[in-house]
Every structure is written in structure tokens, then in C-alpha cells.
Amino acid sequence: MSAVMAQPRRRYLHDALLILLALILVTVFCSLGTWQVQRRAWKLDLIAHVDRQLASAPVAAPGRAAWPAIGAEHAYLPVKVTGHFLHDQEAFVQALTAYGSGYWLLTPLRTDRGFIVLVNRGFVDPAHRDPSTRQAAQSGEPVEVSGLLRLSEPGGRRLQPNDPVADRWYSRDVAAIGASRKLPTNELAPYFIDADGSPNPGGWPVGGLTVLKFRNTHLVYAITWYALALGTGICAWIVFRRREPDVSLEPTASGGKED
């Protein structure tokens, strides 16, 4: 008798676990689909913002008075500034570009307005990391830099944090790079400038490589996740509809007693 009673209990437990699993999967898939919808909205806003910025005329790089107000709305703003590069304080940030793997060359620029700004002069490959291989571009003469204002990238990459002690950089972290070069905090702009594609003497570094076209496949991903949620729900419903009725508790023709 106990074996007969245990059978439906096992079946109810199995059904409950199946329902729970289906609910979890549907919830997860719907959450991922919603996240992709949100990411799509963010990406569209970013594309529209960059297009508006690129259509504007270059302005003077923001000075000290404007630094407290620097925010996302200033990203990709065309700017220009003049000054002298501090070549002995340059930093290298890991980069992967159309030219292959190498480094972004970030060099402090002491502006003629009395502050310092980091300039991403462009890409250098490993063969041109040594300044002696690009002497032509290491002039101490006054320069005018045109490019795009970019916001600092603190911390590094998700799995590759910046290591100031080892001078190993994976993101363009203005504050950390400035501190490692002992640049005065009150003189260092909280942003950096991506230099435009104006050729540098000797060909290195290569500027003008700012990514301005952004992939937007979030709608496809959202549809995929929502379709998986719907498919999971349908499959679960079909499984339950096709389950055989439990005859172990059904009465026999003689009133429930066996011969």
C-alpha cells in the first residue's frame, strides 16, 4: 500500500520541479530579452548623441571652470587646444585596432591656458613603442591638437584591471595615469582628447581611430530571448497535456476490490 501511495507523491514532486524549472527559464529568458531592449534604447541614444556632436563645430577644450560640469553630454564633443607635449610622461594603453594589436599613446599636453590634458595621440604597434623609433613625432615645439573629448575610463577592463605599479594599462583612466606620472591633480583635466587623423611626422602614432560606428544587434537578441521564453512555455504546456492519467488510484470495475 505504501508503494502505491508513494508513486503519486513522486509524480507530484516531479511535476512541481518541472513547473519550477519552466518558470525559472521563462523568467530568465524574459529578463534577458528586456535587458536587450534597454540596451537597444541606450545604443540608439548613443548613436544619436554622437551624430549630433560630430555635426558641431570644434570648440576650445573645457578649462578648469567647466570641469565640475563635465558629464556624458560632453562625450565626443569636437575640441581643440594648443600647448606643448610632455613626451617623457607618455603612457601606453592596450589597444586592438584595424592596424592590429598594440597601444594607444597617451601623452600629457601642457596647454597655453595653464592646465594639462591627456591626449590620445593614436595607435602605435609594439615595434614603435620605444620613443627612439618615432623621434620625428617627439618634437617639443608648440602644437595644436584637434579631436574629440572623451570621458575617463576608470578601473580597466572587466577581467583586466589597470596595474599602475607595473605601468600596465587596459583603459584610459585619466586620474590613475595622471597620478602615476605625478601630474598635479588640480591642473589635470578630468577628460582626455582623442586626436584626429592629422598625420604625425614619421607616420606614428596613427590618430583618428576613434570608434564612431556602433553595432546595434540588440533587437535580434531581444527577439531571440523572447522567442526562447515563449518556446519554453509552449513546450512545458505540451508536456503536461500529454501526460498519461495516473490509473494507480482509479477504482476497479468491482468497486475498487481486486479478485
# chains A, B, ... in the order shown; residues from 1 in each chain; ligands from 1
>>> closest_atom_pairs(of="segment 41-95 of chain A", to="segment 100-123 of chain A", cutoff="6 Å", atoms="only C-alpha atoms", output="tab-separated table")
residue	atom	partner	partner_atom	distance
A:Thr82	CA	A:Thr111	CA	5.6
A:Gly83	CA	A:Thr111	CA	4.0
A:His84	CA	A:Arg110	CA	5.3
A:Phe85	CA	A:Leu109	CA	4.4
A:Leu86	CA	A:Pro108	CA	5.4
A:Glu90	CA	A:Thr107	CA	4.3
A:Ala91	CA	A:Leu106	CA	5.1
A:Phe92	CA	A:Leu105	CA	5.1
A:Val93	CA	A:Trp104	CA	5.0
A:Gln94	CA	A:Tyr103	CA	4.6
A:Ala95	CA	A:Tyr103	CA	4.7
>>> closest_atom_pairs(of="segment 1-55 of chain A", to="segment 209-214 of chain A", cutoff="8 Å", atoms="only C-alpha atoms", output="tab-separated table")
residue	atom	partner	partner_atom	distance
A:Lys43	CA	A:Phe214	CA	7.8
A:Ile47	CA	A:Phe214	CA	7.1
A:Val50	CA	A:Leu212	CA	7.4
>>> select_by_dssp(residues="segment 23-129 of chain A", states="strand (DSSP E)", output="PDB file with all heavy atoms, in the first residue's frame")
ATOM      1  N   VAL A  59      35.229  73.383 -30.484  1.00  0.00           N
ATOM      2  CA  VAL A  59      35.296  74.460 -29.501  1.00  0.00           C
ATOM      3  C   VAL A  59      36.570  74.286 -28.688  1.00  0.00           C
ATOM      4  O   VAL A  59      37.227  73.232 -28.744  1.00  0.00           O
ATOM      5  CB  VAL A  59      34.067  74.442 -28.566  1.00  0.00           C
ATOM      6  CG1 VAL A  59      32.786  74.661 -29.360  1.00  0.00           C
ATOM      7  CG2 VAL A  59      33.998  73.131 -27.787  1.00  0.00           C
ATOM      8  N   ALA A  60      36.915  75.312 -27.935  1.00  0.00           N
ATOM      9  CA  ALA A  60      38.097  75.217 -27.080  1.00  0.00           C
ATOM     10  C   ALA A  60      37.878  74.144 -26.022  1.00  0.00           C
ATOM     11  O   ALA A  60      36.778  74.014 -25.463  1.00  0.00           O
ATOM     12  CB  ALA A  60      38.374  76.559 -26.420  1.00  0.00           C
ATOM     13  N   PRO A  78      33.685  67.797 -30.378  1.00  0.00           N
ATOM     14  CA  PRO A  78      34.905  68.220 -31.073  1.00  0.00           C
ATOM     15  C   PRO A  78      35.557  69.404 -30.344  1.00  0.00           C
ATOM     16  O   PRO A  78      34.892  70.401 -30.045  1.00  0.00           O
ATOM     17  CB  PRO A  78      34.396  68.644 -32.461  1.00  0.00           C
ATOM     18  CG  PRO A  78      33.079  67.944 -32.623  1.00  0.00           C
ATOM     19  CD  PRO A  78      32.486  67.915 -31.246  1.00  0.00           C
ATOM     20  N   VAL A  79      36.835  69.255 -30.040  1.00  0.00           N
ATOM     21  CA  VAL A  79      37.558  70.301 -29.307  1.00  0.00           C
ATOM     22  C   VAL A  79      38.919  70.536 -29.951  1.00  0.00           C
ATOM     23  O   VAL A  79      39.400  69.745 -30.761  1.00  0.00           O
ATOM     24  CB  VAL A  79      37.744  69.917 -27.817  1.00  0.00           C
ATOM     25  CG1 VAL A  79      36.404  69.818 -27.108  1.00  0.00           C
ATOM     26  CG2 VAL A  79      38.522  68.607 -27.685  1.00  0.00           C
ATOM     27  N   LYS A  80      39.524  71.642 -29.551  1.00  0.00           N
ATOM     28  CA  LYS A  80      40.889  71.941 -29.995  1.00  0.00           C
ATOM     29  C   LYS A  80      41.619  72.636 -28.858  1.00  0.00           C
ATOM     30  O   LYS A  80      41.007  73.291 -28.002  1.00  0.00           O
ATOM     31  CB  LYS A  80      40.874  72.814 -31.246  1.00  0.00           C
ATOM     32  CG  LYS A  80      40.078  74.101 -31.103  1.00  0.00           C
ATOM     33  CD  LYS A  80      40.009  74.843 -32.423  1.00  0.00           C
ATOM     34  CE  LYS A  80      39.156  76.109 -32.280  1.00  0.00           C
ATOM     35  NZ  LYS A  80      39.046  76.847 -33.573  1.00  0.00           N
ATOM     36  N   VAL A  81      42.928  72.472 -28.825  1.00  0.00           N
ATOM     37  CA  VAL A  81      43.744  73.048 -27.763  1.00  0.00           C
ATOM     38  C   VAL A  81      45.182  73.165 -28.259  1.00  0.00           C
ATOM     39  O   VAL A  81      45.612  72.405 -29.133  1.00  0.00           O
ATOM     40  CB  VAL A  81      43.671  72.164 -26.494  1.00  0.00           C
ATOM     41  CG1 VAL A  81      44.323  70.809 -26.726  1.00  0.00           C
ATOM     42  CG2 VAL A  81      44.275  72.857 -25.281  1.00  0.00           C
ATOM     43  N   THR A  82      45.905  74.124 -27.740  1.00  0.00           N
ATOM     44  CA  THR A  82      47.311  74.296 -28.113  1.00  0.00           C
ATOM     45  C   THR A  82      48.182  74.193 -26.861  1.00  0.00           C
ATOM     46  O   THR A  82      47.740  74.464 -25.744  1.00  0.00           O
ATOM     47  CB  THR A  82      47.551  75.665 -28.784  1.00  0.00           C
ATOM     48  OG1 THR A  82      47.113  76.707 -27.899  1.00  0.00           O
ATOM     49  CG2 THR A  82      46.784  75.759 -30.090  1.00  0.00           C
ATOM     50  N   GLY A  83      49.438  73.783 -27.074  1.00  0.00           N
ATOM     51  CA  GLY A  83      50.347  73.659 -25.946  1.00  0.00           C
ATOM     52  C   GLY A  83      51.588  72.872 -26.323  1.00  0.00           C
ATOM     53  O   GLY A  83      51.921  72.741 -27.508  1.00  0.00           O
ATOM     54  N   HIS A  84      52.257  72.296 -25.306  1.00  0.00           N
ATOM     55  CA  HIS A  84      53.472  71.516 -25.506  1.00  0.00           C
ATOM     56  C   HIS A  84      53.270  70.110 -24.934  1.00  0.00           C
ATOM     57  O   HIS A  84      52.798  69.962 -23.802  1.00  0.00           O
ATOM     58  CB  HIS A  84      54.667  72.161 -24.799  1.00  0.00           C
ATOM     59  CG  HIS A  84      55.074  73.489 -25.362  1.00  0.00           C
ATOM     60  ND1 HIS A  84      54.370  74.658 -25.098  1.00  0.00           N
ATOM     61  CD2 HIS A  84      56.109  73.830 -26.177  1.00  0.00           C
ATOM     62  CE1 HIS A  84      54.960  75.657 -25.723  1.00  0.00           C
ATOM     63  NE2 HIS A  84      56.019  75.192 -26.387  1.00  0.00           N
ATOM     64  N   PHE A  85      53.648  69.114 -25.687  1.00  0.00           N
ATOM     65  CA  PHE A  85      53.577  67.734 -25.199  1.00  0.00           C
ATOM     66  C   PHE A  85      54.682  67.478 -24.173  1.00  0.00           C
ATOM     67  O   PHE A  85      55.828  67.928 -24.340  1.00  0.00           O
ATOM     68  CB  PHE A  85      53.723  66.735 -26.342  1.00  0.00           C
ATOM     69  CG  PHE A  85      52.459  66.505 -27.119  1.00  0.00           C
ATOM     70  CD1 PHE A  85      52.410  66.732 -28.493  1.00  0.00           C
ATOM     71  CD2 PHE A  85      51.306  66.047 -26.487  1.00  0.00           C
ATOM     72  CE1 PHE A  85      51.247  66.512 -29.213  1.00  0.00           C
ATOM     73  CE2 PHE A  85      50.136  65.814 -27.199  1.00  0.00           C
ATOM     74  CZ  PHE A  85      50.098  66.051 -28.558  1.00  0.00           C
ATOM     75  N   ALA A  91      52.099  57.500 -21.729  1.00  0.00           N
ATOM     76  CA  ALA A  91      51.639  56.205 -21.205  1.00  0.00           C
ATOM     77  C   ALA A  91      51.068  55.389 -22.357  1.00  0.00           C
ATOM     78  O   ALA A  91      50.576  55.940 -23.350  1.00  0.00           O
ATOM     79  CB  ALA A  91      50.579  56.405 -20.122  1.00  0.00           C
ATOM     80  N   PHE A  92      51.118  54.070 -22.189  1.00  0.00           N
ATOM     81  CA  PHE A  92      50.651  53.164 -23.225  1.00  0.00           C
ATOM     82  C   PHE A  92      49.479  52.337 -22.701  1.00  0.00           C
ATOM     83  O   PHE A  92      49.574  51.719 -21.642  1.00  0.00           O
ATOM     84  CB  PHE A  92      51.772  52.234 -23.678  1.00  0.00           C
ATOM     85  CG  PHE A  92      52.933  52.955 -24.292  1.00  0.00           C
ATOM     86  CD1 PHE A  92      53.980  53.425 -23.491  1.00  0.00           C
ATOM     87  CD2 PHE A  92      52.984  53.195 -25.649  1.00  0.00           C
ATOM     88  CE1 PHE A  92      55.052  54.097 -24.038  1.00  0.00           C
ATOM     89  CE2 PHE A  92      54.058  53.874 -26.213  1.00  0.00           C
ATOM     90  CZ  PHE A  92      55.088  54.328 -25.404  1.00  0.00           C
ATOM     91  N   VAL A  93      48.404  52.340 -23.453  1.00  0.00           N
ATOM     92  CA  VAL A  93      47.193  51.609 -23.075  1.00  0.00           C
ATOM     93  C   VAL A  93      46.935  50.523 -24.115  1.00  0.00           C
ATOM     94  O   VAL A  93      46.950  50.802 -25.323  1.00  0.00           O
ATOM     95  CB  VAL A  93      45.975  52.549 -22.983  1.00  0.00           C
ATOM     96  CG1 VAL A  93      44.724  51.769 -22.586  1.00  0.00           C
ATOM     97  CG2 VAL A  93      46.239  53.676 -21.983  1.00  0.00           C
ATOM     98  N   GLN A  94      46.733  49.302 -23.658  1.00  0.00           N
ATOM     99  CA  GLN A  94      46.500  48.183 -24.579  1.00  0.00           C
ATOM    100  C   GLN A  94      45.367  48.516 -25.552  1.00  0.00           C
ATOM    101  O   GLN A  94      44.326  49.057 -25.149  1.00  0.00           O
ATOM    102  CB  GLN A  94      46.123  46.931 -23.793  1.00  0.00           C
ATOM    103  CG  GLN A  94      47.220  46.410 -22.888  1.00  0.00           C
ATOM    104  CD  GLN A  94      48.213  45.527 -23.625  1.00  0.00           C
ATOM    105  OE1 GLN A  94      47.939  45.045 -24.712  1.00  0.00           O
ATOM    106  NE2 GLN A  94      49.356  45.296 -23.009  1.00  0.00           N
ATOM    107  N   ALA A  95      45.561  48.192 -26.818  1.00  0.00           N
ATOM    108  CA  ALA A  95      44.563  48.527 -27.839  1.00  0.00           C
ATOM    109  C   ALA A  95      44.530  47.453 -28.922  1.00  0.00           C
ATOM    110  O   ALA A  95      45.534  46.796 -29.205  1.00  0.00           O
ATOM    111  CB  ALA A  95      44.880  49.881 -28.469  1.00  0.00           C
ATOM    112  N   LEU A  96      43.365  47.301 -29.507  1.00  0.00           N
ATOM    113  CA  LEU A  96      43.189  46.421 -30.665  1.00  0.00           C
ATOM    114  C   LEU A  96      42.452  47.220 -31.719  1.00  0.00           C
ATOM    115  O   LEU A  96      41.319  47.653 -31.515  1.00  0.00           O
ATOM    116  CB  LEU A  96      42.392  45.172 -30.283  1.00  0.00           C
ATOM    117  CG  LEU A  96      42.152  44.161 -31.404  1.00  0.00           C
ATOM    118  CD1 LEU A  96      43.482  43.606 -31.910  1.00  0.00           C
ATOM    119  CD2 LEU A  96      41.253  43.025 -30.935  1.00  0.00           C
ATOM    120  N   THR A  97      43.093  47.449 -32.856  1.00  0.00           N
ATOM    121  CA  THR A  97      42.541  48.307 -33.899  1.00  0.00           C
ATOM    122  C   THR A  97      42.618  47.612 -35.254  1.00  0.00           C
ATOM    123  O   THR A  97      43.055  46.457 -35.353  1.00  0.00           O
ATOM    124  CB  THR A  97      43.323  49.632 -33.980  1.00  0.00           C
ATOM    125  OG1 THR A  97      44.620  49.378 -34.555  1.00  0.00           O
ATOM    126  CG2 THR A  97      43.502  50.247 -32.594  1.00  0.00           C
ATOM    127  N   GLY A 100      45.891  46.173 -36.013  1.00  0.00           N
ATOM    128  CA  GLY A 100      46.348  45.058 -35.207  1.00  0.00           C
ATOM    129  C   GLY A 100      46.394  45.428 -33.731  1.00  0.00           C
ATOM    130  O   GLY A 100      45.850  46.445 -33.306  1.00  0.00           O
ATOM    131  N   SER A 101      47.048  44.593 -32.950  1.00  0.00           N
ATOM    132  CA  SER A 101      47.164  44.851 -31.519  1.00  0.00           C
ATOM    133  C   SER A 101      48.377  45.728 -31.251  1.00  0.00           C
ATOM    134  O   SER A 101      49.386  45.672 -31.954  1.00  0.00           O
ATOM    135  CB  SER A 101      47.272  43.542 -30.739  1.00  0.00           C
ATOM    136  OG  SER A 101      48.429  42.826 -31.147  1.00  0.00           O
ATOM    137  N   GLY A 102      48.267  46.544 -30.222  1.00  0.00           N
ATOM    138  CA  GLY A 102      49.338  47.460 -29.871  1.00  0.00           C
ATOM    139  C   GLY A 102      48.901  48.337 -28.726  1.00  0.00           C
ATOM    140  O   GLY A 102      48.334  47.846 -27.749  1.00  0.00           O
ATOM    141  N   TYR A 103      49.100  49.652 -28.877  1.00  0.00           N
ATOM    142  CA  TYR A 103      48.848  50.554 -27.761  1.00  0.00           C
ATOM    143  C   TYR A 103      48.271  51.886 -28.247  1.00  0.00           C
ATOM    144  O   TYR A 103      48.608  52.363 -29.338  1.00  0.00           O
ATOM    145  CB  TYR A 103      50.150  50.852 -26.996  1.00  0.00           C
ATOM    146  CG  TYR A 103      50.938  49.627 -26.639  1.00  0.00           C
ATOM    147  CD1 TYR A 103      51.950  49.163 -27.474  1.00  0.00           C
ATOM    148  CD2 TYR A 103      50.672  48.916 -25.460  1.00  0.00           C
ATOM    149  CE1 TYR A 103      52.676  48.027 -27.153  1.00  0.00           C
ATOM    150  CE2 TYR A 103      51.392  47.780 -25.133  1.00  0.00           C
ATOM    151  CZ  TYR A 103      52.390  47.343 -25.986  1.00  0.00           C
ATOM    152  OH  TYR A 103      53.100  46.219 -25.675  1.00  0.00           O
ATOM    153  N   TRP A 104      47.427  52.463 -27.376  1.00  0.00           N
ATOM    154  CA  TRP A 104      47.094  53.879 -27.512  1.00  0.00           C
ATOM    155  C   TRP A 104      48.211  54.651 -26.825  1.00  0.00           C
ATOM    156  O   TRP A 104      48.616  54.313 -25.713  1.00  0.00           O
ATOM    157  CB  TRP A 104      45.764  54.222 -26.841  1.00  0.00           C
ATOM    158  CG  TRP A 104      44.545  53.567 -27.409  1.00  0.00           C
ATOM    159  CD1 TRP A 104      43.647  52.779 -26.752  1.00  0.00           C
ATOM    160  CD2 TRP A 104      44.064  53.658 -28.753  1.00  0.00           C
ATOM    161  NE1 TRP A 104      42.649  52.362 -27.592  1.00  0.00           N
ATOM    162  CE2 TRP A 104      42.878  52.892 -28.833  1.00  0.00           C
ATOM    163  CE3 TRP A 104      44.524  54.305 -29.907  1.00  0.00           C
ATOM    164  CZ2 TRP A 104      42.141  52.755 -30.007  1.00  0.00           C
ATOM    165  CZ3 TRP A 104      43.788  54.170 -31.077  1.00  0.00           C
ATOM    166  CH2 TRP A 104      42.624  53.416 -31.124  1.00  0.00           C
ATOM    167  N   LEU A 105      48.692  55.691 -27.482  1.00  0.00           N
ATOM    168  CA  LEU A 105      49.753  56.514 -26.906  1.00  0.00           C
ATOM    169  C   LEU A 105      49.121  57.753 -26.269  1.00  0.00           C
ATOM    170  O   LEU A 105      48.636  58.642 -26.970  1.00  0.00           O
ATOM    171  CB  LEU A 105      50.752  56.927 -27.986  1.00  0.00           C
ATOM    172  CG  LEU A 105      51.869  57.877 -27.543  1.00  0.00           C
ATOM    173  CD1 LEU A 105      52.734  57.225 -26.476  1.00  0.00           C
ATOM    174  CD2 LEU A 105      52.713  58.312 -28.735  1.00  0.00           C
ATOM    175  N   LEU A 106      49.085  57.785 -24.938  1.00  0.00           N
ATOM    176  CA  LEU A 106      48.527  58.918 -24.212  1.00  0.00           C
ATOM    177  C   LEU A 106      49.665  59.793 -23.702  1.00  0.00           C
ATOM    178  O   LEU A 106      50.516  59.329 -22.938  1.00  0.00           O
ATOM    179  CB  LEU A 106      47.659  58.451 -23.039  1.00  0.00           C
ATOM    180  CG  LEU A 106      46.156  58.341 -23.344  1.00  0.00           C
ATOM    181  CD1 LEU A 106      45.899  57.198 -24.321  1.00  0.00           C
ATOM    182  CD2 LEU A 106      45.352  58.147 -22.074  1.00  0.00           C
ATOM    183  N   THR A 107      49.651  61.049 -24.145  1.00  0.00           N
ATOM    184  CA  THR A 107      50.715  61.981 -23.789  1.00  0.00           C
ATOM    185  C   THR A 107      50.105  63.221 -23.146  1.00  0.00           C
ATOM    186  O   THR A 107      49.183  63.810 -23.700  1.00  0.00           O
ATOM    187  CB  THR A 107      51.522  62.394 -25.030  1.00  0.00           C
ATOM    188  OG1 THR A 107      51.968  61.220 -25.726  1.00  0.00           O
ATOM    189  CG2 THR A 107      52.721  63.238 -24.639  1.00  0.00           C
ATOM    190  N   PRO A 108      50.593  63.638 -21.977  1.00  0.00           N
ATOM    191  CA  PRO A 108      50.100  64.878 -21.375  1.00  0.00           C
ATOM    192  C   PRO A 108      50.473  66.083 -22.239  1.00  0.00           C
ATOM    193  O   PRO A 108      51.588  66.161 -22.770  1.00  0.00           O
ATOM    194  CB  PRO A 108      50.805  64.929 -20.018  1.00  0.00           C
ATOM    195  CG  PRO A 108      51.308  63.536 -19.778  1.00  0.00           C
ATOM    196  CD  PRO A 108      51.588  62.972 -21.132  1.00  0.00           C
ATOM    197  N   LEU A 109      49.539  67.006 -22.360  1.00  0.00           N
ATOM    198  CA  LEU A 109      49.775  68.253 -23.081  1.00  0.00           C
ATOM    199  C   LEU A 109      49.608  69.401 -22.089  1.00  0.00           C
ATOM    200  O   LEU A 109      48.529  69.573 -21.512  1.00  0.00           O
ATOM    201  CB  LEU A 109      48.782  68.408 -24.226  1.00  0.00           C
ATOM    202  CG  LEU A 109      48.891  69.707 -25.030  1.00  0.00           C
ATOM    203  CD1 LEU A 109      50.045  69.612 -26.027  1.00  0.00           C
ATOM    204  CD2 LEU A 109      47.591  70.018 -25.772  1.00  0.00           C
ATOM    205  N   ARG A 110      50.679  70.164 -21.885  1.00  0.00           N
ATOM    206  CA  ARG A 110      50.550  71.354 -21.051  1.00  0.00           C
ATOM    207  C   ARG A 110      50.052  72.479 -21.950  1.00  0.00           C
ATOM    208  O   ARG A 110      50.766  72.924 -22.844  1.00  0.00           O
ATOM    209  CB  ARG A 110      51.874  71.731 -20.394  1.00  0.00           C
ATOM    210  CG  ARG A 110      51.757  72.962 -19.487  1.00  0.00           C
ATOM    211  CD  ARG A 110      52.996  73.195 -18.667  1.00  0.00           C
ATOM    212  NE  ARG A 110      53.176  72.183 -17.639  1.00  0.00           N
ATOM    213  CZ  ARG A 110      52.519  72.171 -16.474  1.00  0.00           C
ATOM    214  NH1 ARG A 110      51.610  73.099 -16.218  1.00  0.00           N
ATOM    215  NH2 ARG A 110      52.766  71.232 -15.593  1.00  0.00           N
ATOM    216  N   THR A 111      48.826  72.887 -21.705  1.00  0.00           N
ATOM    217  CA  THR A 111      48.195  73.851 -22.601  1.00  0.00           C
ATOM    218  C   THR A 111      48.691  75.267 -22.320  1.00  0.00           C
ATOM    219  O   THR A 111      49.217  75.571 -21.241  1.00  0.00           O
ATOM    220  CB  THR A 111      46.659  73.828 -22.436  1.00  0.00           C
ATOM    221  OG1 THR A 111      46.313  74.424 -21.181  1.00  0.00           O
ATOM    222  CG2 THR A 111      46.129  72.402 -22.477  1.00  0.00           C
ATOM    223  N   ILE A 116      46.670  70.921 -17.813  1.00  0.00           N
ATOM    224  CA  ILE A 116      47.216  69.763 -18.518  1.00  0.00           C
ATOM    225  C   ILE A 116      46.068  68.853 -18.941  1.00  0.00           C
ATOM    226  O   ILE A 116      45.120  68.640 -18.172  1.00  0.00           O
ATOM    227  CB  ILE A 116      48.187  68.972 -17.614  1.00  0.00           C
ATOM    228  CG1 ILE A 116      49.360  69.865 -17.187  1.00  0.00           C
ATOM    229  CG2 ILE A 116      48.710  67.722 -18.324  1.00  0.00           C
ATOM    230  CD1 ILE A 116      50.266  69.224 -16.139  1.00  0.00           C
ATOM    231  N   VAL A 117      46.148  68.325 -20.135  1.00  0.00           N
ATOM    232  CA  VAL A 117      45.143  67.383 -20.604  1.00  0.00           C
ATOM    233  C   VAL A 117      45.851  66.197 -21.266  1.00  0.00           C
ATOM    234  O   VAL A 117      46.854  66.378 -21.975  1.00  0.00           O
ATOM    235  CB  VAL A 117      44.160  68.051 -21.594  1.00  0.00           C
ATOM    236  CG1 VAL A 117      44.875  68.582 -22.827  1.00  0.00           C
ATOM    237  CG2 VAL A 117      43.052  67.078 -22.006  1.00  0.00           C
ATOM    238  N   LEU A 118      45.373  65.005 -20.990  1.00  0.00           N
ATOM    239  CA  LEU A 118      45.919  63.827 -21.659  1.00  0.00           C
ATOM    240  C   LEU A 118      45.378  63.765 -23.084  1.00  0.00           C
ATOM    241  O   LEU A 118      44.171  63.912 -23.301  1.00  0.00           O
ATOM    242  CB  LEU A 118      45.539  62.549 -20.916  1.00  0.00           C
ATOM    243  CG  LEU A 118      46.225  62.275 -19.580  1.00  0.00           C
ATOM    244  CD1 LEU A 118      45.753  60.939 -19.013  1.00  0.00           C
ATOM    245  CD2 LEU A 118      47.741  62.276 -19.727  1.00  0.00           C
ATOM    246  N   VAL A 119      46.269  63.523 -24.018  1.00  0.00           N
ATOM    247  CA  VAL A 119      45.883  63.414 -25.422  1.00  0.00           C
ATOM    248  C   VAL A 119      46.186  62.001 -25.907  1.00  0.00           C
ATOM    249  O   VAL A 119      47.328  61.541 -25.800  1.00  0.00           O
ATOM    250  CB  VAL A 119      46.622  64.437 -26.302  1.00  0.00           C
ATOM    251  CG1 VAL A 119      46.259  64.230 -27.773  1.00  0.00           C
ATOM    252  CG2 VAL A 119      46.288  65.859 -25.863  1.00  0.00           C
ATOM    253  N   ASN A 120      45.167  61.324 -26.397  1.00  0.00           N
ATOM    254  CA  ASN A 120      45.385  60.038 -27.054  1.00  0.00           C
ATOM    255  C   ASN A 120      45.843  60.355 -28.472  1.00  0.00           C
ATOM    256  O   ASN A 120      45.025  60.614 -29.351  1.00  0.00           O
ATOM    257  CB  ASN A 120      44.093  59.226 -27.065  1.00  0.00           C
ATOM    258  CG  ASN A 120      44.252  57.902 -27.800  1.00  0.00           C
ATOM    259  OD1 ASN A 120      45.370  57.464 -28.068  1.00  0.00           O
ATOM    260  ND2 ASN A 120      43.141  57.280 -28.139  1.00  0.00           N
ATOM    261  N   ARG A 121      47.150  60.346 -28.670  1.00  0.00           N
ATOM    262  CA  ARG A 121      47.700  60.761 -29.954  1.00  0.00           C
ATOM    263  C   ARG A 121      47.417  59.741 -31.048  1.00  0.00           C
ATOM    264  O   ARG A 121      47.527  60.059 -32.242  1.00  0.00           O
ATOM    265  CB  ARG A 121      49.208  60.983 -29.831  1.00  0.00           C
ATOM    266  CG  ARG A 121      49.584  62.066 -28.819  1.00  0.00           C
ATOM    267  CD  ARG A 121      51.074  62.314 -28.818  1.00  0.00           C
ATOM    268  NE  ARG A 121      51.509  62.874 -30.093  1.00  0.00           N
ATOM    269  CZ  ARG A 121      52.779  62.879 -30.508  1.00  0.00           C
ATOM    270  NH1 ARG A 121      53.733  62.333 -29.737  1.00  0.00           N
ATOM    271  NH2 ARG A 121      53.101  63.410 -31.670  1.00  0.00           N
ATOM    272  N   GLY A 122      47.067  58.507 -30.653  1.00  0.00           N
ATOM    273  CA  GLY A 122      46.751  57.496 -31.640  1.00  0.00           C
ATOM    274  C   GLY A 122      47.388  56.158 -31.317  1.00  0.00           C
ATOM    275  O   GLY A 122      47.859  55.913 -30.202  1.00  0.00           O
ATOM    276  N   PHE A 123      47.438  55.315 -32.319  1.00  0.00           N
ATOM    277  CA  PHE A 123      47.884  53.932 -32.160  1.00  0.00           C
ATOM    278  C   PHE A 123      49.349  53.781 -32.527  1.00  0.00           C
ATOM    279  O   PHE A 123      49.824  54.362 -33.519  1.00  0.00           O
ATOM    280  CB  PHE A 123      47.035  53.029 -33.060  1.00  0.00           C
ATOM    281  CG  PHE A 123      47.493  51.610 -33.126  1.00  0.00           C
ATOM    282  CD1 PHE A 123      47.183  50.713 -32.103  1.00  0.00           C
ATOM    283  CD2 PHE A 123      48.237  51.149 -34.202  1.00  0.00           C
ATOM    284  CE1 PHE A 123      47.620  49.392 -32.164  1.00  0.00           C
ATOM    285  CE2 PHE A 123      48.665  49.831 -34.274  1.00  0.00           C
ATOM    286  CZ  PHE A 123      48.348  48.951 -33.253  1.00  0.00           C
ATOM    287  N   VAL A 124      50.059  52.987 -31.727  1.00  0.00           N
ATOM    288  CA  VAL A 124      51.409  52.558 -32.085  1.00  0.00           C
ATOM    289  C   VAL A 124      51.479  51.046 -31.950  1.00  0.00           C
ATOM    290  O   VAL A 124      50.903  50.478 -31.016  1.00  0.00           O
ATOM    291  CB  VAL A 124      52.495  53.220 -31.212  1.00  0.00           C
ATOM    292  CG1 VAL A 124      52.572  54.706 -31.463  1.00  0.00           C
ATOM    293  CG2 VAL A 124      52.273  52.942 -29.738  1.00  0.00           C
TER     294      VAL A 124
END
>>> select_by_dssp(residues="segment 128-234 of chain A", states="alpha helix (DSSP H)", output="VMD selection string")
chain A and resid 174 to 180 218 to 234
>>> atom_distance(atom1="atom CA of Gly231 of chain A", atom2="atom CA of Leu20 of chain A")
15.7 Å
>>> residues_around(residues="His74 of chain A", least_positions_apart="5", cutoff="12 Å", atoms="only C-alpha atoms", output="list in words")
Leu46, His49, Val50, Arg52, Gln53, Leu54, Ser56, Val59, Ala61, Pro62, Ala66, Trp67, Pro68, Ala69, Val79, Leu148, Leu149, Arg150, Leu151, Ser152, Pro190, Tyr191, Phe192 and Ile193 of chain A
>>> atom_distance(atom1="atom CA of Arg11 of chain A", atom2="atom CA of Leu23 of chain A")
18.3 Å
>>> atom_distance(atom1="atom CA of Val28 of chain A", atom2="atom CA of Ala222 of chain A")
12.3 Å
>>> closest_residue(among="A:Pro205, A:His218, A:Gly197, A:Asp167", to="Asp130 of chain A", atoms="only C-alpha atoms")
A:Pro205
